[in-house]
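Undergrad: My structure file target39.cif, mmCIF, C-alpha atoms, is below:
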```cif
data_model
#
loop_
_atom_site.label_atom_id
_atom_site.label_comp_id
_atom_site.auth_asym_id
_atom_site.auth_seq_id
_atom_site.Cartn_x
_atom_site.Cartn_y
_atom_site.Cartn_z
CA MET K 1 14.30 2.68 -16.54
CA SER K 2 14.03 -0.90 -15.39
CA VAL K 3 15.64 -3.33 -17.84
CA ARG K 4 12.82 -5.82 -17.32
CA SER K 5 9.79 -6.02 -19.58
CA ALA K 6 6.87 -3.83 -18.57
CA PRO K 7 4.29 -5.63 -16.41
CA ASP K 8 0.72 -5.95 -17.64
CA VAL K 9 -0.91 -6.62 -14.26
CA VAL K 10 -0.98 -4.04 -11.46
CA VAL K 11 -1.59 -5.28 -7.91
CA LEU K 12 -2.08 -2.58 -5.30
CA ASP K 13 -1.84 -2.70 -1.54
CA ILE K 14 -4.91 -1.32 0.22
CA GLY K 15 -3.93 0.73 3.29
CA GLU K 16 -2.34 4.08 2.34
CA ILE K 17 -2.36 3.17 -1.35
CA VAL K 18 -6.12 3.06 -1.87
CA ILE K 19 -7.42 3.89 1.60
CA ASP K 20 -6.32 6.95 3.57
CA GLU K 21 -6.04 5.60 7.12
CA THR K 22 -6.36 8.95 8.89
CA ARG K 23 -9.72 7.98 10.40
CA VAL K 24 -8.26 4.71 11.67
CA TRP K 25 -5.69 6.57 13.78
CA THR K 26 -8.08 9.32 14.82
CA VAL K 27 -10.51 6.79 16.29
CA TRP K 28 -7.65 4.99 18.05
CA ALA K 29 -6.51 8.28 19.58
CA GLU K 30 -10.02 8.89 20.94
CA LEU K 31 -10.14 5.41 22.47
CA LEU K 32 -6.67 5.72 24.00
CA GLY K 33 -7.46 9.14 25.42
CA VAL K 34 -4.78 11.12 23.59
CA SER K 35 -4.81 13.67 20.80
CA PRO K 36 -4.41 12.44 17.21
CA ALA K 37 -1.23 14.55 16.97
CA THR K 38 0.28 12.77 19.98
CA LEU K 39 -0.56 9.31 18.66
CA MET K 40 0.82 10.09 15.20
CA ALA K 41 4.03 11.52 16.66
CA VAL K 42 4.64 8.38 18.72
CA LEU K 43 3.62 6.13 15.81
CA GLY K 44 6.09 8.00 13.61
CA ALA K 45 8.86 7.40 16.12
CA ALA K 46 7.96 3.70 16.27
CA VAL K 47 7.97 3.41 12.47
CA SER K 48 11.35 5.15 12.28
CA GLN K 49 12.70 2.52 14.67
CA GLY K 50 11.27 -0.38 12.67
CA GLY K 51 8.13 -0.85 14.76
CA ASP K 52 4.41 -0.27 14.31
CA HIS K 53 1.24 0.55 16.26
CA THR K 54 1.78 -2.34 18.67
CA ASP K 55 4.88 -0.49 19.86
CA ALA K 56 3.30 2.97 19.84
CA PHE K 57 0.08 2.24 21.73
CA PRO K 58 1.68 1.12 25.03
CA HIS K 59 3.72 4.33 25.08
CA VAL K 60 0.78 6.70 24.75
CA ALA K 61 -1.59 4.66 26.96
CA PRO K 62 0.44 2.27 29.14
CA ASN K 63 -2.52 1.40 31.37
CA VAL K 64 -4.97 0.66 28.58
CA ASP K 65 -5.50 -2.81 27.12
CA TRP K 66 -5.79 -1.59 23.55
CA ALA K 67 -6.32 -5.09 22.15
CA ALA K 68 -9.53 -5.33 24.18
CA LEU K 69 -10.74 -2.15 22.47
CA GLU K 70 -10.54 -3.49 18.92
CA GLY K 71 -14.27 -4.27 18.84
CA GLU K 72 -15.14 -0.78 20.02
CA HIS K 73 -12.71 0.69 17.52
CA GLU K 74 -14.38 -1.16 14.66
CA SER K 75 -17.81 -0.03 15.86
CA ARG K 76 -16.77 3.62 15.90
CA TYR K 77 -14.72 3.42 12.72
CA GLY K 78 -17.52 1.77 10.78
CA GLY K 79 -15.36 0.33 8.02
CA PHE K 80 -14.13 1.82 4.76
CA ARG K 81 -16.08 4.74 3.34
CA ALA K 82 -15.91 6.62 0.05
CA GLU K 83 -14.37 9.56 1.90
CA ASP K 84 -11.39 7.37 2.85
CA VAL K 85 -10.39 6.68 -0.75
CA TYR K 86 -7.46 8.82 -1.88
CA ALA K 87 -8.47 11.31 -4.58
CA ASP K 88 -6.00 9.91 -7.12
CA VAL K 89 -7.22 6.32 -6.83
CA VAL K 90 -10.28 6.15 -9.11
CA PRO K 91 -8.69 8.18 -11.95
CA ALA K 92 -5.51 6.08 -11.82
CA LEU K 93 -7.29 2.72 -11.69
CA SER K 94 -9.65 3.76 -14.48
CA ALA K 95 -6.73 4.85 -16.65
CA LEU K 96 -4.85 1.61 -16.00
CA ARG K 97 -7.85 -0.50 -16.98
CA GLY K 98 -8.56 1.76 -19.93
CA ALA K 99 -5.06 0.96 -21.19
CA GLY K 100 -5.81 -2.75 -20.97
CA ARG K 101 -4.03 -3.44 -17.70
CA ARG K 102 -5.46 -5.93 -15.23
CA VAL K 103 -5.92 -4.19 -11.86
CA VAL K 104 -6.19 -6.02 -8.53
CA LEU K 105 -6.23 -4.99 -4.86
CA ALA K 106 -4.41 -7.28 -2.43
CA GLY K 107 -3.27 -6.38 1.08
CA ASN K 108 -3.21 -7.22 4.76
CA GLN K 109 -6.82 -6.73 5.81
CA PRO K 110 -9.42 -8.66 7.82
CA ALA K 111 -12.04 -10.53 5.80
CA ARG K 112 -14.78 -8.03 6.77
CA ARG K 113 -13.06 -5.42 4.59
CA THR K 114 -13.81 -7.39 1.41
CA ALA K 115 -17.49 -6.44 1.33
CA GLN K 116 -16.62 -2.86 2.26
CA LEU K 117 -14.16 -2.60 -0.63
CA HIS K 118 -16.67 -4.07 -3.07
CA ALA K 119 -19.25 -1.54 -1.85
CA LEU K 120 -16.93 1.31 -2.83
CA GLY K 121 -17.36 0.31 -6.48
CA LEU K 122 -13.70 0.82 -7.36
CA PRO K 123 -12.68 0.07 -10.98
CA VAL K 124 -10.74 -3.13 -10.33
CA ASP K 125 -10.81 -6.63 -11.79
CA ASP K 126 -10.43 -8.42 -8.47
CA LEU K 127 -9.62 -7.84 -4.82
CA VAL K 128 -8.45 -10.13 -2.05
CA THR K 129 -7.41 -9.78 1.61
CA SER K 130 -4.80 -11.59 3.62
CA ASP K 131 -7.57 -13.20 5.69
CA GLU K 132 -9.02 -14.73 2.54
CA LEU K 133 -5.59 -15.98 1.45
CA GLY K 134 -4.78 -17.31 4.91
CA VAL K 135 -1.39 -15.57 5.04
CA GLU K 136 -0.11 -12.04 5.60
CA LYS K 137 2.65 -9.94 4.10
CA PRO K 138 5.61 -10.02 4.21
CA ASP K 139 5.38 -13.82 4.14
CA PRO K 140 6.46 -15.04 0.67
CA ALA K 141 3.40 -17.29 0.70
CA PHE K 142 1.20 -14.17 0.43
CA PHE K 143 2.72 -13.20 -2.89
CA ALA K 144 2.64 -16.80 -4.12
CA ALA K 145 -1.05 -16.95 -3.20
CA VAL K 146 -1.75 -13.73 -5.11
CA LEU K 147 -0.05 -15.13 -8.22
CA ALA K 148 -2.03 -18.36 -7.88
CA ARG K 149 -5.30 -16.43 -7.59
CA LEU K 150 -4.41 -14.47 -10.71
CA GLY K 151 -3.37 -17.62 -12.56
CA ILE K 152 0.03 -16.11 -13.36
CA ASP K 153 3.16 -18.24 -13.63
CA ASP K 154 5.59 -15.42 -14.39
CA PRO K 155 5.75 -12.95 -11.45
CA ALA K 156 7.56 -10.40 -13.65
CA ARG K 157 4.19 -9.72 -15.30
CA VAL K 158 3.05 -8.11 -12.03
CA LEU K 159 3.78 -4.62 -10.71
CA TYR K 160 3.14 -4.59 -6.96
CA VAL K 161 2.34 -1.12 -5.61
CA GLY K 162 2.78 -0.50 -1.89
CA ASP K 163 3.75 2.07 0.74
CA ARG K 164 5.94 -0.11 2.97
CA VAL K 165 9.50 -1.12 2.24
CA ASP K 166 9.37 -4.08 4.63
CA ASN K 167 5.92 -5.42 3.77
CA ASP K 168 5.67 -4.49 0.09
CA VAL K 169 8.80 -3.50 -1.82
CA LEU K 170 11.28 -6.04 -0.48
CA PRO K 171 9.08 -9.17 -0.39
CA ALA K 172 7.40 -8.40 -3.73
CA ALA K 173 10.81 -7.97 -5.36
CA ALA K 174 12.00 -11.19 -3.74
CA ALA K 175 8.96 -12.91 -5.27
CA GLY K 176 10.11 -11.73 -8.72
CA MET K 177 7.55 -8.95 -9.15
CA ALA K 178 8.24 -5.45 -10.38
CA THR K 179 7.74 -2.92 -7.59
CA CYS K 180 6.39 0.59 -7.16
CA TRP K 181 7.00 2.32 -3.84
CA VAL K 182 4.46 5.04 -3.05
CA THR K 183 5.86 7.34 -0.39
CA ARG K 184 2.70 8.36 1.46
CA GLY K 185 1.32 7.44 4.86
CA PRO K 186 3.47 6.91 7.97
CA TRP K 187 5.55 4.05 6.56
CA GLY K 188 5.92 5.56 3.11
CA GLN K 189 7.09 8.86 4.59
CA LEU K 190 9.45 7.48 7.21
CA GLN K 191 10.91 4.20 6.01
CA GLU K 192 14.10 4.16 3.97
CA LEU K 193 15.25 1.81 1.26
CA PRO K 194 18.26 -0.40 1.89
CA GLU K 195 21.27 0.79 -0.11
CA ASP K 196 21.10 -2.22 -2.43
CA THR K 197 17.36 -1.87 -3.15
CA GLU K 198 15.95 0.05 -6.11
CA PRO K 199 12.22 -0.24 -6.86
CA ASP K 200 11.19 -0.05 -10.49
CA MET K 201 9.22 3.10 -9.64
CA VAL K 202 9.14 5.51 -6.70
CA LEU K 203 6.13 7.84 -6.65
CA GLU K 204 4.42 10.15 -4.19
CA GLY K 205 0.95 9.05 -5.32
CA LEU K 206 -0.89 7.13 -8.02
CA GLY K 207 -1.45 10.06 -10.38
CA GLU K 208 1.63 9.44 -12.53
CA LEU K 209 1.42 5.66 -12.50
CA PRO K 210 -0.72 5.09 -15.63
CA GLU K 211 1.36 7.45 -17.77
CA LEU K 212 4.68 6.03 -16.57
CA LEU K 213 3.52 2.47 -17.09
CA ASP K 214 2.38 3.38 -20.62
CA ALA K 215 5.82 4.87 -21.27
CA TRP K 216 7.48 1.75 -19.89
CA HIS K 217 5.42 -0.41 -22.25
CA ALA K 218 6.32 1.88 -25.14
CA GLY K 219 10.00 1.67 -24.25
CA VAL K 220 10.34 5.42 -23.83
CA LEU K 221 10.58 5.66 -20.04
CA ASP K 222 14.26 6.50 -19.89
CA ALA K 223 16.45 6.73 -16.83
CA ASP K 224 16.20 10.51 -16.64
CA VAL K 225 12.40 10.42 -16.51
CA GLU K 226 12.33 7.75 -13.84
CA ALA K 227 15.04 9.44 -11.79
CA ALA K 228 13.15 12.72 -11.92
CA ALA K 229 9.94 11.06 -10.75
CA ALA K 230 11.80 9.38 -7.89
CA ALA K 231 13.50 12.65 -6.90
CA ASP K 232 10.20 14.54 -6.94
CA ALA K 233 8.59 11.89 -4.74
CA LYS K 234 11.32 12.09 -2.11
CA ASP K 235 11.51 15.91 -2.21
CA ASP K 236 7.77 16.18 -1.60
CA ALA K 237 7.77 13.48 1.12
#
```
Go ahead and render the structure in this file as structure tokens.
TA:
Amino acid sequence: MSVRSAPDVVVLDIGEIVIDETRVWTVWAELLGVSPATLMAVLGAAVSQGGDHTDAFPHVAPNVDWAALEGEHESRYGGFRAEDVYADVVPALSALRGAGRRVVLAGNQPARRTAQLHALGLPVDDLVTSDELGVEKPDPAFFAAVLARLGIDDPARVLYVGDRVDNDVLPAAAAGMATCWVTRGPWGQLQELPEDTEPDMVLEGLGELPELLDAWHAGVLDADVEAAAAADAKDDA
């Protein structure tokens, strides 16, 4: 168990924590003229080497100007839909709020996603995108801006939940926040923690989060329980 006091505010990343991005990559595969399996295989290789889609796309479609297709991608994708929300999201967020926790969504997203997220009717107290804040993760200014929006002076009050080690776990911890690494999605499945990094929680999804946070607040989340949860998450990844 973390030796720090249990946080009372939970801030969650959006992509692959709340939103399953499968449709995002499927539409990109269609536009690039390759199968979704091919794109995901190359994306996985890029992630494993510390890259992202900007490294993968030129490999699968070297003669295509993918950046020029972003407008067409958005048209076909159509924005966030209820079907894109992971099944464990609404129950977990509802349980967190039911326990008196403040729940906020904050991630790297264009401003147009704000209205789409609101339209989903998720049980959150607030949500904000990087476009609204004027800065993206992993810039420390992103996490400072989130704290300012929440009116929180002590970052230890916040548990930041994300799927990426580089964009979420490391910079949130550096900002003084507690961290929860959720090992789903391409980055969550393929990235590895530095040897000297230990998130406060490592989970495979959001289902256990409310119960574990309750236990942390009650002071009964011992090292064996947390270690077992972390081991289960990695075994299932």
Undergrad: From the options K:Ala99, K:Val165, K:Ala82, K:Ala156, which residue's atoms come nearest to Val11 of chain K, counting all atoms listed in the file?
TA: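 Of K:Ala99, K:Val165, K:Ala82, K:Ala156, the one nearest Val11 of chain K is K:Ala156, counting all atoms listed in the file.
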Undergrad: To verify the selection step, state as a list in words which residues the PyMOL selection byres ((chain K and resi 94) around 12) yields on this input.
TA: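 Checking the PyMOL selection byres ((chain K and resi 94) around 12) against this file, the residues are Asp88, Val89, Val90, Pro91, Ala92, Leu93, Ala95, Leu96, Arg97, Gly98, Ala99, Gly100, Arg101, Arg102, Val103, Val104, Gly121, Leu122, Pro123, Val124, Asp125, Leu206, Gly207, Leu209 and Pro210 of chain K.
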Undergrad: Residues picked by the PyMOL selection byres ((chain K and resi 105) around 10) here, as a VMD selection string?
TA: chain K and resid 10 to 14 17 to 18 103 to 104 106 to 107 117 122 124 to 129 146 160 to 161
Undergrad: Expressed in Å to a single decimal, how great is the separation between atom CA of Glu16 of chain K and atom CA of Trp181 of chain K?
TA: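 Computing it gives 11.3 Å between the two atoms.
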Undergrad: Determine the nearest neighbour of Ala45 of chain K from the options K:Asn167, K:Asn63, K:Asn108, K:Gln189, counting only C-alpha atoms.
TA: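 Of K:Asn167, K:Asn63, K:Asn108, K:Gln189, the one nearest Ala45 of chain K, counting only C-alpha atoms, is K:Gln189.
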Undergrad: Have a look at K:Glu30, K:Asp163, K:Leu39, K:Arg4 and name the one nearest to Pro58 of chain K; count only C-alpha atoms.
TA: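 Of K:Glu30, K:Asp163, K:Leu39, K:Arg4, the one nearest Pro58 of chain K, counting only C-alpha atoms, is K:Leu39.
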Undergrad: Output the residue selection produced by the PyMOL selection byres ((chain K and resi 80) around 8) on the file above, formatted as a list in words.
TA: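 Evaluating the PyMOL selection byres ((chain K and resi 80) around 8) on these coordinates yields Ile19, Gly78, Gly79, Arg81, Ala82, Asp84, Arg113, Gln116 and Leu117 of chain K.
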Undergrad: Using all atoms listed in the file, which residue out of K:Ala46, K:Val135, K:Trp66, K:Gly15 lies closest to Leu32 of chain K?
TA: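 Smallest distance to Leu32 of chain K is found for K:Trp66.
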Undergrad: In terms of the shortest atom-to-atom distance over only C-alpha atoms, which of K:Leu31, K:Leu43, K:Gly51, K:His118 is closest to Ala68 of chain K?
TA: K:Leu31
Undergrad: Return the single residue from K:Val182, K:Ala29, K:Val85, K:Ala111 that is closest to Gly134 of chain K, with distances computed using only C-alpha atoms.
TA: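 Under the stated criterion, the closest residue is K:Ala111.
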